[in-house]
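Enquirer: File run.cif follows (mmCIF, C-alpha atoms):
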data_final
#
loop_
_atom_site.label_atom_id
_atom_site.label_comp_id
_atom_site.auth_asym_id
_atom_site.auth_seq_id
_atom_site.Cartn_x
_atom_site.Cartn_y
_atom_site.Cartn_z
CA MET A 1131 3.58 -16.84 -17.15
CA ILE A 1132 0.51 -16.82 -14.86
CA ALA A 1133 0.26 -19.04 -11.75
CA THR A 1134 3.54 -20.85 -12.40
CA SER A 1135 5.56 -20.06 -9.25
CA ASP A 1136 5.43 -18.87 -5.64
CA ALA A 1137 6.49 -15.76 -3.74
CA ALA A 1138 9.65 -17.22 -2.16
CA THR A 1139 10.97 -18.50 -5.49
CA GLU A 1140 10.28 -15.23 -7.29
CA LEU A 1141 11.86 -13.05 -4.58
CA ALA A 1142 14.97 -15.22 -4.52
CA ALA A 1143 15.38 -14.82 -8.28
CA ILE A 1144 15.25 -11.00 -8.34
CA ARG A 1145 18.46 -9.12 -9.12
CA PRO A 1146 18.82 -5.31 -9.16
CA PRO A 1147 20.01 -3.78 -12.45
CA ALA A 1148 23.73 -4.33 -13.01
CA THR A 1149 24.14 -0.69 -14.05
CA ARG A 1150 22.11 1.93 -12.26
CA ALA A 1151 20.95 5.28 -13.60
CA PRO A 1152 22.92 8.04 -11.84
CA ALA A 1153 21.34 10.61 -9.56
CA ILE A 1154 20.82 14.14 -10.87
CA ALA A 1155 24.16 15.96 -11.05
CA ALA A 1156 24.95 19.33 -9.46
CA GLY A 1157 25.20 21.04 -12.83
CA GLU A 1158 21.66 20.07 -13.70
CA TYR A 1159 20.35 21.62 -10.48
CA ALA A 1160 22.12 24.87 -11.39
CA ALA A 1161 20.52 24.81 -14.85
CA ARG A 1162 17.10 24.28 -13.30
CA LEU A 1163 17.53 27.35 -11.11
CA ASP A 1164 18.60 29.43 -14.09
CA LYS A 1165 15.57 28.35 -16.11
CA ALA A 1166 13.25 29.03 -13.17
CA ARG A 1167 14.69 32.54 -12.81
CA ALA A 1168 14.05 33.26 -16.49
CA LEU A 1169 10.49 31.97 -16.32
CA THR A 1170 9.84 33.89 -13.10
CA GLU A 1171 11.05 37.11 -14.68
CA ARG A 1172 8.82 36.44 -17.68
CA LEU A 1173 5.88 36.34 -15.25
CA GLY A 1174 6.79 39.81 -14.05
CA ALA A 1175 7.84 38.59 -10.59
CA ASP A 1176 10.93 39.44 -8.56
CA ALA A 1177 11.25 36.00 -6.93
CA LEU A 1178 9.82 32.50 -6.88
CA LEU A 1179 8.71 30.81 -3.64
CA VAL A 1180 8.76 26.99 -3.82
CA HIS A 1181 6.98 24.91 -1.16
CA ALA A 1182 8.28 21.68 0.38
CA GLY A 1183 7.50 18.58 -1.64
CA ALA A 1184 8.43 17.40 -5.12
CA SER A 1185 9.18 20.89 -6.45
CA LEU A 1186 11.54 21.68 -3.58
CA ARG A 1187 13.31 18.40 -4.30
CA TYR A 1188 13.47 19.25 -7.99
CA PHE A 1189 15.28 22.54 -7.38
CA THR A 1190 17.33 21.81 -4.24
CA GLY A 1191 17.61 18.05 -3.77
CA VAL A 1192 15.82 18.26 -0.39
CA PRO A 1193 13.31 15.36 -0.40
CA TRP A 1194 11.06 16.59 2.39
CA ALA A 1195 7.31 16.37 2.34
CA ALA A 1196 5.24 19.38 3.30
CA THR A 1197 4.18 19.79 6.94
CA GLU A 1198 2.63 22.58 8.99
CA ARG A 1199 6.11 24.16 9.34
CA MET A 1200 7.31 26.26 6.41
CA VAL A 1201 10.28 24.88 4.50
CA ALA A 1202 10.63 26.70 1.21
CA LEU A 1203 13.03 27.89 -1.46
CA LEU A 1204 13.05 31.62 -2.14
CA LEU A 1205 14.63 32.13 -5.55
CA PRO A 1206 15.18 35.76 -6.54
CA VAL A 1207 15.44 36.57 -10.22
CA ARG A 1208 18.85 38.02 -9.40
CA GLY A 1209 20.87 37.05 -6.39
CA THR A 1210 21.50 34.06 -4.17
CA PRO A 1211 18.71 31.59 -3.45
CA SER A 1212 17.73 31.03 0.17
CA ILE A 1213 15.98 28.31 2.12
CA VAL A 1214 13.44 29.18 4.81
CA CYS A 1215 13.53 26.41 7.42
CA PRO A 1216 12.97 25.77 11.14
CA ARG A 1217 16.25 26.29 12.99
CA PHE A 1218 16.11 22.88 14.66
CA GLU A 1219 16.14 21.27 11.19
CA GLU A 1220 19.33 23.06 10.09
CA GLY A 1221 21.60 20.01 10.31
CA SER A 1222 19.25 17.78 8.37
CA LEU A 1223 18.70 20.50 5.77
CA VAL A 1224 22.41 21.04 5.16
CA ALA A 1225 22.93 17.28 4.78
CA ALA A 1226 20.28 17.06 2.06
CA LEU A 1227 20.86 20.36 0.22
CA VAL A 1228 22.69 20.07 -3.12
CA ILE A 1229 22.69 23.76 -4.13
CA ASP A 1230 24.43 26.79 -2.65
CA ALA A 1231 21.87 28.78 -0.72
CA GLU A 1232 21.58 31.13 2.23
CA LEU A 1233 19.69 29.73 5.21
CA ARG A 1234 16.88 31.77 6.70
CA LEU A 1235 16.11 29.97 9.94
CA TRP A 1236 13.18 30.56 12.24
CA GLU A 1237 12.39 29.54 15.79
CA GLU A 1238 9.13 27.89 16.76
CA GLU A 1239 7.47 31.07 18.02
CA GLU A 1240 8.46 33.12 14.96
CA ALA A 1241 6.61 33.70 11.69
CA PRO A 1242 8.53 32.26 8.72
CA THR A 1243 6.59 34.45 6.30
CA ALA A 1244 8.35 37.44 7.85
CA LEU A 1245 11.70 35.98 6.75
CA VAL A 1246 10.41 35.81 3.19
CA ALA A 1247 9.22 39.41 3.30
CA ASP A 1248 12.46 40.64 4.90
CA ALA A 1249 14.48 39.09 2.07
CA LEU A 1250 12.71 41.16 -0.58
CA PRO A 1251 12.05 44.85 -1.18
CA ARG A 1252 8.70 46.06 0.10
CA GLY A 1253 6.11 45.77 -2.66
CA ALA A 1254 8.06 43.06 -4.48
CA THR A 1255 6.11 40.56 -6.55
CA VAL A 1256 6.50 36.90 -5.57
CA ALA A 1257 5.48 34.02 -7.80
CA ILE A 1258 3.98 31.48 -5.40
CA ASP A 1259 4.07 27.72 -5.69
CA PRO A 1260 0.39 26.73 -6.19
CA LEU A 1261 0.82 24.08 -3.48
CA LEU A 1262 1.82 26.64 -0.85
CA PRO A 1263 -0.95 26.93 1.78
CA PHE A 1264 -3.37 29.75 0.99
CA ALA A 1265 -2.99 31.22 4.48
CA TRP A 1266 0.74 31.73 3.99
CA GLY A 1267 0.13 33.54 0.73
CA GLU A 1268 -2.34 35.84 2.49
CA ARG A 1269 0.22 36.59 5.21
CA LEU A 1270 2.78 37.52 2.58
CA ARG A 1271 0.27 39.93 1.06
CA GLY A 1272 -0.30 41.38 4.53
CA LEU A 1273 3.44 42.01 4.78
CA GLY A 1274 3.42 44.18 1.67
CA LEU A 1275 4.26 41.68 -1.04
CA THR A 1276 2.29 41.07 -4.22
CA ALA A 1277 1.65 37.35 -4.66
CA ILE A 1278 0.96 35.81 -8.09
CA ASP A 1279 0.61 32.26 -9.36
CA GLY A 1280 4.02 30.68 -9.92
CA ALA A 1281 2.77 27.50 -11.62
CA ALA A 1282 4.06 28.56 -15.03
CA ALA A 1283 7.60 28.93 -13.69
CA ILE A 1284 7.61 25.64 -11.76
CA ASP A 1285 5.74 23.53 -14.30
CA GLY A 1286 7.67 25.13 -17.15
CA CYS A 1287 10.78 23.55 -15.66
CA ARG A 1288 9.43 20.25 -14.37
CA MET A 1289 7.32 19.23 -17.38
CA ILE A 1290 10.33 18.85 -19.68
CA LYS A 1291 12.53 15.98 -18.52
CA SER A 1292 16.26 15.90 -19.15
CA PRO A 1293 18.10 12.80 -20.39
CA ALA A 1294 19.12 12.10 -16.79
CA GLU A 1295 15.50 12.25 -15.65
CA LEU A 1296 14.37 10.03 -18.52
CA ALA A 1297 16.97 7.45 -17.49
CA LEU A 1298 15.71 7.41 -13.89
CA LEU A 1299 12.11 7.12 -15.05
CA ALA A 1300 13.03 4.31 -17.44
CA GLU A 1301 14.79 2.41 -14.67
CA ALA A 1302 11.85 2.71 -12.28
CA LYS A 1303 9.38 1.55 -14.94
CA ALA A 1304 11.55 -1.40 -15.97
CA MET A 1305 11.67 -2.45 -12.32
CA THR A 1306 7.90 -2.32 -11.95
CA LEU A 1307 7.30 -4.21 -15.19
CA GLU A 1308 9.48 -7.07 -13.91
CA VAL A 1309 7.72 -6.98 -10.53
CA GLN A 1310 4.35 -7.11 -12.31
CA ALA A 1311 5.47 -10.17 -14.28
CA ARG A 1312 6.64 -11.93 -11.12
CA ALA A 1313 3.39 -11.07 -9.35
CA ALA A 1314 1.41 -12.76 -12.13
CA ARG A 1315 3.42 -15.95 -11.56
CA ILE A 1316 2.50 -16.24 -7.86
CA LEU A 1317 -1.26 -16.06 -8.40
CA ARG A 1318 -3.33 -19.07 -7.34
CA PRO A 1319 -6.96 -19.68 -6.38
CA GLY A 1320 -7.61 -18.33 -2.89
CA ILE A 1321 -4.64 -15.97 -2.73
CA ALA A 1322 -5.54 -12.73 -0.95
CA ALA A 1323 -5.11 -9.37 -2.64
CA SER A 1324 -3.15 -8.25 0.44
CA ALA A 1325 -0.68 -11.12 -0.03
CA VAL A 1326 -0.08 -10.07 -3.63
CA ALA A 1327 0.40 -6.45 -2.54
CA ARG A 1328 2.93 -7.53 0.12
CA PHE A 1329 4.85 -9.53 -2.45
CA ILE A 1330 4.91 -6.56 -4.83
CA ASP A 1331 6.27 -4.29 -2.10
CA ASP A 1332 8.96 -6.82 -1.18
CA ALA A 1333 9.83 -7.32 -4.85
CA HIS A 1334 10.12 -3.58 -5.49
CA ARG A 1335 12.63 -3.39 -2.62
CA ALA A 1336 14.55 -6.45 -3.78
CA ILE A 1337 14.97 -5.06 -7.28
CA GLY A 1338 16.32 -1.74 -6.04
CA GLY A 1339 13.30 0.51 -5.74
CA THR A 1340 11.95 2.10 -2.58
CA GLY A 1341 9.17 -0.42 -2.13
CA SER A 1342 5.74 0.16 -3.62
CA PHE A 1343 4.78 3.82 -3.70
CA PHE A 1344 1.25 2.46 -4.11
CA CYS A 1345 -0.34 -0.86 -5.04
CA ALA A 1346 -3.87 -1.77 -6.14
CA VAL A 1347 -4.72 -5.45 -6.55
CA GLN A 1348 -8.28 -6.03 -7.80
CA PHE A 1349 -10.14 -9.19 -8.77
CA GLY A 1350 -13.42 -9.68 -10.65
CA ARG A 1351 -16.11 -7.10 -9.86
CA ALA A 1352 -13.63 -4.88 -8.01
CA THR A 1353 -11.95 -4.12 -11.34
CA ALA A 1354 -15.02 -2.02 -12.23
CA PHE A 1355 -13.95 0.58 -9.67
CA PRO A 1356 -10.90 2.58 -10.81
CA HIS A 1357 -9.35 2.55 -7.33
CA GLY A 1358 -10.91 -0.69 -6.10
CA LEU A 1359 -13.21 -1.57 -3.22
CA PRO A 1360 -12.68 -1.88 0.55
CA GLY A 1361 -11.79 -5.26 1.98
CA ASP A 1362 -9.34 -8.02 1.14
CA GLN A 1363 -10.45 -10.08 -1.84
CA GLN A 1364 -9.47 -13.66 -2.57
CA LEU A 1365 -8.81 -14.70 -6.14
CA GLU A 1366 -11.18 -17.17 -7.78
CA GLU A 1367 -10.86 -19.24 -10.93
CA ASP A 1368 -11.95 -17.50 -14.15
CA GLN A 1369 -11.69 -13.96 -12.78
CA LEU A 1370 -10.26 -10.80 -14.25
CA VAL A 1371 -7.14 -9.49 -12.48
CA LEU A 1372 -6.14 -5.82 -12.41
CA ILE A 1373 -2.86 -4.79 -10.74
CA ASP A 1374 -1.71 -1.16 -10.70
CA THR A 1375 1.55 -0.34 -8.91
CA GLY A 1376 4.75 1.67 -8.96
CA THR A 1377 7.96 2.50 -7.15
CA THR A 1378 10.51 5.33 -7.15
CA VAL A 1379 14.18 5.69 -8.07
CA HIS A 1380 15.80 8.85 -6.69
CA GLY A 1381 12.24 10.16 -6.39
CA TYR A 1382 11.21 9.42 -9.99
CA HIS A 1383 8.06 7.33 -10.39
CA SER A 1384 6.80 4.28 -12.19
CA ASP A 1385 3.09 3.52 -12.54
CA ILE A 1386 2.07 0.48 -14.58
CA THR A 1387 -1.24 -1.38 -14.82
CA ARG A 1388 -1.93 -4.80 -16.26
CA THR A 1389 -5.37 -6.38 -16.67
CA TYR A 1390 -5.50 -10.06 -17.56
CA ALA A 1391 -7.50 -13.27 -17.32
CA PHE A 1392 -6.95 -15.80 -14.54
CA GLY A 1393 -8.44 -18.74 -16.36
CA ARG A 1394 -11.34 -18.16 -18.76
CA VAL A 1395 -13.36 -14.94 -18.91
CA GLU A 1396 -16.52 -13.99 -20.79
CA ASP A 1397 -16.41 -13.05 -24.46
CA GLU A 1398 -17.62 -9.55 -23.53
CA VAL A 1399 -14.58 -9.08 -21.29
CA ALA A 1400 -12.29 -10.14 -24.12
CA ALA A 1401 -14.00 -7.71 -26.51
CA ILE A 1402 -13.69 -4.78 -24.09
CA TRP A 1403 -10.05 -5.68 -23.47
CA GLN A 1404 -9.37 -5.42 -27.21
CA ILE A 1405 -11.09 -2.03 -27.43
CA GLU A 1406 -8.98 -0.82 -24.52
CA LYS A 1407 -5.81 -1.91 -26.32
CA GLU A 1408 -6.91 -0.10 -29.48
CA ALA A 1409 -7.69 3.08 -27.49
CA GLN A 1410 -4.27 3.01 -25.83
CA ALA A 1411 -2.61 2.58 -29.24
CA ALA A 1412 -4.66 5.45 -30.72
CA ALA A 1413 -3.60 7.77 -27.92
CA PHE A 1414 0.05 6.88 -28.48
CA ALA A 1415 -0.24 7.41 -32.24
CA ALA A 1416 -1.70 10.92 -31.70
CA VAL A 1417 1.41 12.17 -29.88
CA ALA A 1418 3.71 14.66 -31.60
CA PRO A 1419 5.50 17.89 -30.65
CA GLY A 1420 3.09 20.82 -30.77
CA VAL A 1421 -0.04 18.67 -30.45
CA PRO A 1422 -2.30 19.90 -27.61
CA CYS A 1423 -2.58 17.37 -24.79
CA GLU A 1424 -6.35 17.22 -25.12
CA GLN A 1425 -6.08 15.79 -28.63
CA VAL A 1426 -4.49 12.61 -27.25
CA ASP A 1427 -7.46 12.13 -24.94
CA ALA A 1428 -9.80 12.75 -27.88
CA ALA A 1429 -8.04 10.10 -29.97
CA ALA A 1430 -8.63 7.45 -27.31
CA ARG A 1431 -12.27 8.43 -26.89
CA ARG A 1432 -12.94 8.22 -30.64
CA VAL A 1433 -12.06 4.52 -30.48
CA LEU A 1434 -14.52 3.99 -27.64
CA VAL A 1435 -17.34 5.90 -29.35
CA ALA A 1436 -16.78 3.94 -32.58
CA ASN A 1437 -17.39 0.79 -30.53
CA GLY A 1438 -20.58 2.06 -28.90
CA LEU A 1439 -19.03 3.21 -25.61
CA GLY A 1440 -19.34 6.61 -23.94
CA PRO A 1441 -19.43 9.25 -25.24
CA ASP A 1442 -17.60 11.65 -22.93
CA TYR A 1443 -17.48 10.20 -19.39
CA ARG A 1444 -20.62 8.09 -19.70
CA LEU A 1445 -20.42 4.43 -18.76
CA PRO A 1446 -19.79 1.91 -20.10
CA GLY A 1447 -16.81 3.94 -21.17
CA LEU A 1448 -13.86 5.96 -19.92
CA PRO A 1449 -14.66 7.72 -16.62
CA HIS A 1450 -11.48 9.79 -16.27
CA ARG A 1451 -8.65 11.40 -18.23
CA THR A 1452 -6.58 9.30 -20.63
CA GLY A 1453 -3.32 10.09 -18.85
CA HIS A 1454 -1.28 12.30 -16.58
CA GLY A 1455 2.20 13.73 -16.47
CA ILE A 1456 4.72 11.89 -14.32
CA GLY A 1457 8.14 12.59 -12.82
CA LEU A 1458 9.02 13.45 -9.25
CA SER A 1459 5.26 13.44 -8.63
CA ILE A 1460 3.21 10.47 -9.71
CA HIS A 1461 0.55 12.88 -11.05
CA GLU A 1462 1.85 16.19 -12.36
CA PRO A 1463 1.07 18.61 -15.18
CA ALA A 1464 0.27 18.35 -18.00
CA ASN A 1465 -2.70 16.00 -18.39
CA LEU A 1466 -4.18 14.13 -21.33
CA VAL A 1467 -7.68 15.46 -20.81
CA ARG A 1468 -10.18 17.70 -22.57
CA GLY A 1469 -9.40 21.32 -21.82
CA ASP A 1470 -5.65 20.89 -21.32
CA ARG A 1471 -4.29 22.61 -24.41
CA THR A 1472 -0.64 22.46 -23.32
CA PRO A 1473 1.36 21.76 -26.49
CA MET A 1474 3.44 18.63 -26.25
CA ALA A 1475 7.20 19.01 -26.41
CA PRO A 1476 10.14 16.62 -26.44
CA GLY A 1477 10.95 15.44 -22.92
CA MET A 1478 7.39 15.50 -21.61
CA CYS A 1479 6.31 12.21 -19.98
CA PHE A 1480 2.80 10.79 -19.62
CA SER A 1481 0.81 7.77 -18.57
CA ASN A 1482 -1.45 6.27 -21.23
CA GLU A 1483 -4.41 4.57 -19.50
CA PRO A 1484 -7.81 5.06 -21.16
CA MET A 1485 -9.61 2.70 -18.76
CA ILE A 1486 -12.95 1.19 -19.80
CA VAL A 1487 -15.48 0.58 -17.02
CA VAL A 1488 -18.59 -1.58 -17.34
CA PRO A 1489 -20.44 -0.43 -14.21
CA ASP A 1490 -20.57 -2.83 -11.28
CA ARG A 1491 -19.30 -5.70 -13.45
CA PHE A 1492 -15.70 -5.25 -14.58
CA GLY A 1493 -13.13 -2.78 -15.81
CA VAL A 1494 -10.05 -2.95 -18.02
CA ARG A 1495 -7.08 -0.62 -17.60
CA LEU A 1496 -3.87 -0.97 -19.57
CA GLU A 1497 -1.32 1.58 -18.40
CA ASP A 1498 2.10 2.22 -19.84
CA HIS A 1499 4.08 5.43 -20.05
CA PHE A 1500 5.72 7.26 -22.92
CA HIS A 1501 7.91 10.29 -23.45
CA VAL A 1502 7.55 12.77 -26.28
CA THR A 1503 10.36 12.73 -28.86
CA GLU A 1504 11.22 15.02 -31.76
CA THR A 1505 9.04 12.95 -34.07
CA GLY A 1506 6.31 11.45 -31.87
CA ALA A 1507 6.36 9.24 -28.79
CA ALA A 1508 8.50 6.44 -27.36
CA TRP A 1509 7.28 3.85 -24.88
CA PHE A 1510 9.10 3.35 -21.60
CA THR A 1511 7.48 -0.10 -21.39
CA GLU A 1512 5.91 -2.14 -24.16
CA PRO A 1513 2.12 -2.48 -23.87
CA GLN A 1514 0.45 -5.74 -22.87
CA PRO A 1515 0.21 -8.03 -25.93
CA ALA A 1516 -2.91 -10.06 -25.09
CA LEU A 1517 -5.60 -10.69 -22.49
CA ASP A 1518 -4.02 -14.03 -21.54
CA ARG A 1519 -0.43 -12.81 -22.02
CA PRO A 1520 0.16 -9.80 -19.79
CA PHE A 1521 3.85 -9.66 -20.68
CA GLY A 1522 5.71 -10.11 -23.95
#
Could you render the structure as structure tokens?

Expert:
Amino acid sequence: MIATSDAATELAAIRPPATRAPAIAAGEYAARLDKARALTERLGADALLVHAGASLRYFTGVPWAATERMVALLLPVRGTPSIVCPRFEEGSLVAALVIDAELRLWEEEEAPTALVADALPRGATVAIDPLLPFAWGERLRGLGLTAIDGAAAIDGCRMIKSPAELALLAEAKAMTLEVQARAARILRPGIAASAVARFIDDAHRAIGGTGSFFCAVQFGRATAFPHGLPGDQQLEEDQLVLIDTGTTVHGYHSDITRTYAFGRVEDEVAAIWQIEKEAQAAAFAAVAPGVPCEQVDAAARRVLVANGLGPDYRLPGLPHRTGHGIGLSIHEPANLVRGDRTPMAPGMCFSNEPMIVVPDRFGVRLEDHFHVTETGAAWFTEPQPALDRPFG
């Protein structure tokens, strides 16, 4: 299970899933636009402006990252949606677009915000994607539009995953869990963290993902830092190993962490590992429709406090939120954190990772993801069973 193989053997043994989860269908995109229109109207706005990035992909299928050039969806409450885009990108846009939309194309010397304003009545109210650059919002105000926060319309759609989205998320997470298990098998004394990360990227590609969206490989003291330390570590006997990684399938993310012993570790490490497992289980047990997100975070922290850790963000203890939403973005609303009172609803998806840090010595993070059901929560991946058995 740990240190039983090598990279070449493990890569050769990988097979992509025999049956793949299908991409999002055209009808689902249409339903997303309809829901967004209703939520936008509820905000008192005449249209929704969606910036390039995960939200643009969610509504249009266009998987472009944001740049300094405006590419955006303008979705009126009534009427045909339009895409604002540089003219020289027209061919690429049309090839990626999966909805019917008018194209509002601009040349390099032109102001794309003017195209947005021209498409709406003067004085119209526009619900703005919170990730749209502030300067563009100010220019829209200068052109006579009223700009308001559109987060409720965008997040109100994206937070609740459809069965098709859940299937894509499940596939991505199953891939990463297998890659994590294979990575554990290639460990040996002296192996570099960078070599493990390269293997994980290769394995994610071999199994059908898009490579590693990210990968953190941490040994010993570096595990005490939630996102690791600079430099390329080499694994030593009797060290703690923490690997956090994920991939994407049709844009939908996995994000799984395992923390386990390479050899023998101190009794204190084993005790903290067990508290971490109990905190993760308590967070999962607290999930139910209608429960505010912050209560899940509180459930995990109660376990820590009962064991003399914390309270709050004090160390030794949990230095960050218990979990985050996940979908087309690896971190997206809502969050399992104090102050986020968003009521849970079926279809919402979260990480569950109440990491425990013992400053400058070691840290333990067990991270799996769940989705909210009608009666509670369901794991995408089964949690780690034991410190010396990272996989069931």

Enquirer: Excluding Arg1351 of chain A and any residue of its chain fewer than 5 positions from it, enumerate the residues within 7 Å of it, using all atoms listed in the file, and give them as a VMD selection string.

Expert: chain A and resid 1490 to 1492

Enquirer: At a cut-off of 12 Å, can you tabulate as a Markdown table every residue of segment 1334-1396 of chain A near segment 1193-1217 of chain A together with its closest atom pair and the distance in Å to one decimal, using all atoms listed in the file and ordering rows by chain then number?

Expert:
| residue | atom | partner | partner_atom | distance |
| --- | --- | --- | --- | --- |
| A:His1380 | CA | A:Pro1193 | CA | 9.4 |
| A:Gly1381 | CA | A:Pro1193 | CA | 8.0 |
| A:Tyr1382 | CA | A:Pro1193 | CA | 11.5 |

Enquirer: Point out the residue among A:Ile1316, A:Phe1264, A:Val1488, A:Thr1472 with the least atom-to-atom distance to Ala1133 of chain A, counting all atoms listed in the file.

Expert: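 Ranked by minimum distance to Ala1133 of chain A, first place goes to A:Ile1316.
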
Enquirer: Counting all atoms listed in the file, which residue out of A:Pro1147, A:Ala1412, A:Ala1322, A:Glu1462 sits closest to Leu1261 of chain A?

Expert: A:Glu1462

Enquirer: Give me, please, the distance in Å between atom CA of Asp1230 of chain A and atom CA of Gly1274 of chain A, quoted to one decimal.

Expert: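 Result for atom CA of Asp1230 of chain A versus atom CA of Gly1274 of chain A: 27.6 Å, one decimal.
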
Enquirer: Would you please work out which residue, of A:Ile1486, A:Ala1411, A:Ala1282, A:Leu1317, is nearest to Pro1441 of chain A when using only C-alpha atoms?

Expert: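 Going through A:Ile1486, A:Ala1411, A:Ala1282, A:Leu1317 one by one, the smallest distance to Pro1441 of chain A is for A:Ile1486.
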
Enquirer: Using the chain letters and residue numbers of this document, give as a ChimeraX atom specification the residues selected by the PyMOL selection byres ((chain A and resi 1134) around 10).

Expert: /A:1131-1133,1135-1136,1312,1314-1318

Enquirer: List the residues selected by the PyMOL selection byres ((chain A and resi 1151) around 9) in the file shown, writing them as a compact mmCIF listing (two decimals) with C-alpha atoms, keeping the file's coordinate frame.

Expert:
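New file out_28.txt:
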# COMPACT_ATOMS: atom_id res chain seq x y z
CA THR A 1149 24.14 -0.69 -14.05
CA ARG A 1150 22.11 1.93 -12.26
CA PRO A 1152 22.92 8.04 -11.84
CA ALA A 1153 21.34 10.61 -9.56
CA ALA A 1294 19.12 12.10 -16.79
CA ALA A 1297 16.97 7.45 -17.49
CA LEU A 1298 15.71 7.41 -13.89
CA ALA A 1300 13.03 4.31 -17.44
CA GLU A 1301 14.79 2.41 -14.67
CA VAL A 1379 14.18 5.69 -8.07

Enquirer: If you count only C-alpha atoms, which residues fall within 9 Å of Met1478 of chain A, apart from same-chain ones fewer than 3 positions away, as a ChimeraX atom specification?

Expert: /A:1288-1291,1455-1456,1464,1474-1475,1500-1503

Enquirer: From the options A:Ala1391, A:Ala1137, A:Val1180, A:Ile1284, which residue's atoms come nearest to Ile1321 of chain A, counting all atoms listed in the file?

Expert: A:Ala1137

Enquirer: Give me, as a list in words, all polymer residues having an atom no more than 8 Å from Val1433 of chain A, counting only C-alpha atoms and skipping those fewer than 4 positions away in the same chain.

Expert: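 Result of the neighbour search: Ile1405, Glu1408, Ala1409, Ala1412, Ala1429 and Asn1437 of chain A.
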
Enquirer: Go ahead and save the residues from that selection, with C-alpha atoms, as an mmCIF file, in the coordinates of the input.

Expert:
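As written to disk, selection_17.cif reads:
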data_model
loop_
_atom_site.group_PDB
_atom_site.id
_atom_site.type_symbol
_atom_site.label_atom_id
_atom_site.label_comp_id
_atom_site.auth_asym_id
_atom_site.auth_seq_id
_atom_site.Cartn_x
_atom_site.Cartn_y
_atom_site.Cartn_z
ATOM 1 C CA ILE A 1405 -11.090 -2.030 -27.430
ATOM 2 C CA GLU A 1408 -6.910 -0.100 -29.480
ATOM 3 C CA ALA A 1409 -7.690 3.080 -27.490
ATOM 4 C CA ALA A 1412 -4.660 5.450 -30.720
ATOM 5 C CA ALA A 1429 -8.040 10.100 -29.970
ATOM 6 C CA ASN A 1437 -17.390 0.790 -30.530
#

Enquirer: If the PyMOL selection byres ((chain A and resi 1425) around 10) is run on the structure shown, which residues does it catch, given as a ChimeraX atom specification?

Expert: /A:1413,1416-1417,1421-1424,1426-1431,1466-1471,1473

Enquirer: If I put a ball of radius 12 Å at (21.5, 22.0, -13.4) in the file's coordinates, which residues poke into it when counting all atoms listed in the file, written as a PyMOL selection string?

Expert: chain A and resi 1154-1166+1188-1191+1228-1229+1287+1291-1292+1294-1295

Enquirer: Please write as a PyMOL selection string the list of polymer residues whose atoms come within 10 Å of (7.6, 6.4, -20.1), counting all atoms listed in the file and keeping to the coordinates of the file.

Expert: chain A and resi 1296-1297+1299-1304+1383-1386+1455-1457+1478-1482+1498-1502+1507-1512

Enquirer: Mind pulling up the distance from atom CA of Val1246 of chain A to atom CA of Pro1260 of chain A?

Expert: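 Atom CA of Pro1260 of chain A sits 16.5 Å away from atom CA of Val1246 of chain A.
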
Enquirer: Can you list, as a PyMOL selection string, every protein, DNA or RNA residue that comes within 6 Å of segment 1247-1258 of chain A when you count all atoms listed in the file, leaving out same-chain residues fewer than 6 positions away?

Expert: chain A and resi 1175-1179+1274-1280

Enquirer: Measuring atom to atom with all atoms listed in the file, identify which of A:Met1485, A:Ala1244, A:Val1347, A:Val1192 is nearest to Gln1410 of chain A.

Expert: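 Residue with the minimum atom-to-atom distance to Gln1410 of chain A: A:Met1485.
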
Enquirer: Mind giving me the straight-line distance from atom CA of Leu1448 of chain A to atom CA of Glu1406 of chain A in Å, one decimal?

Expert: 9.5 Å

Enquirer: Could you check which of A:Ser1185, A:Gln1310, A:Gln1404, A:Ser1222 is closest to Leu1372 of chain A, using only C-alpha atoms?

Expert: A:Gln1310

Enquirer: With 5 Å added on each side, what axis-aligned box encloses every listed atom of segment 1390-1398 of chain A? Give the centre and edge lengths in Å to one decimal, as JSON.

Expert:
{"center_x": -11.6, "center_y": -14.1, "center_z": -19.5, "size_x": 22.1, "size_y": 19.2, "size_z": 19.9}
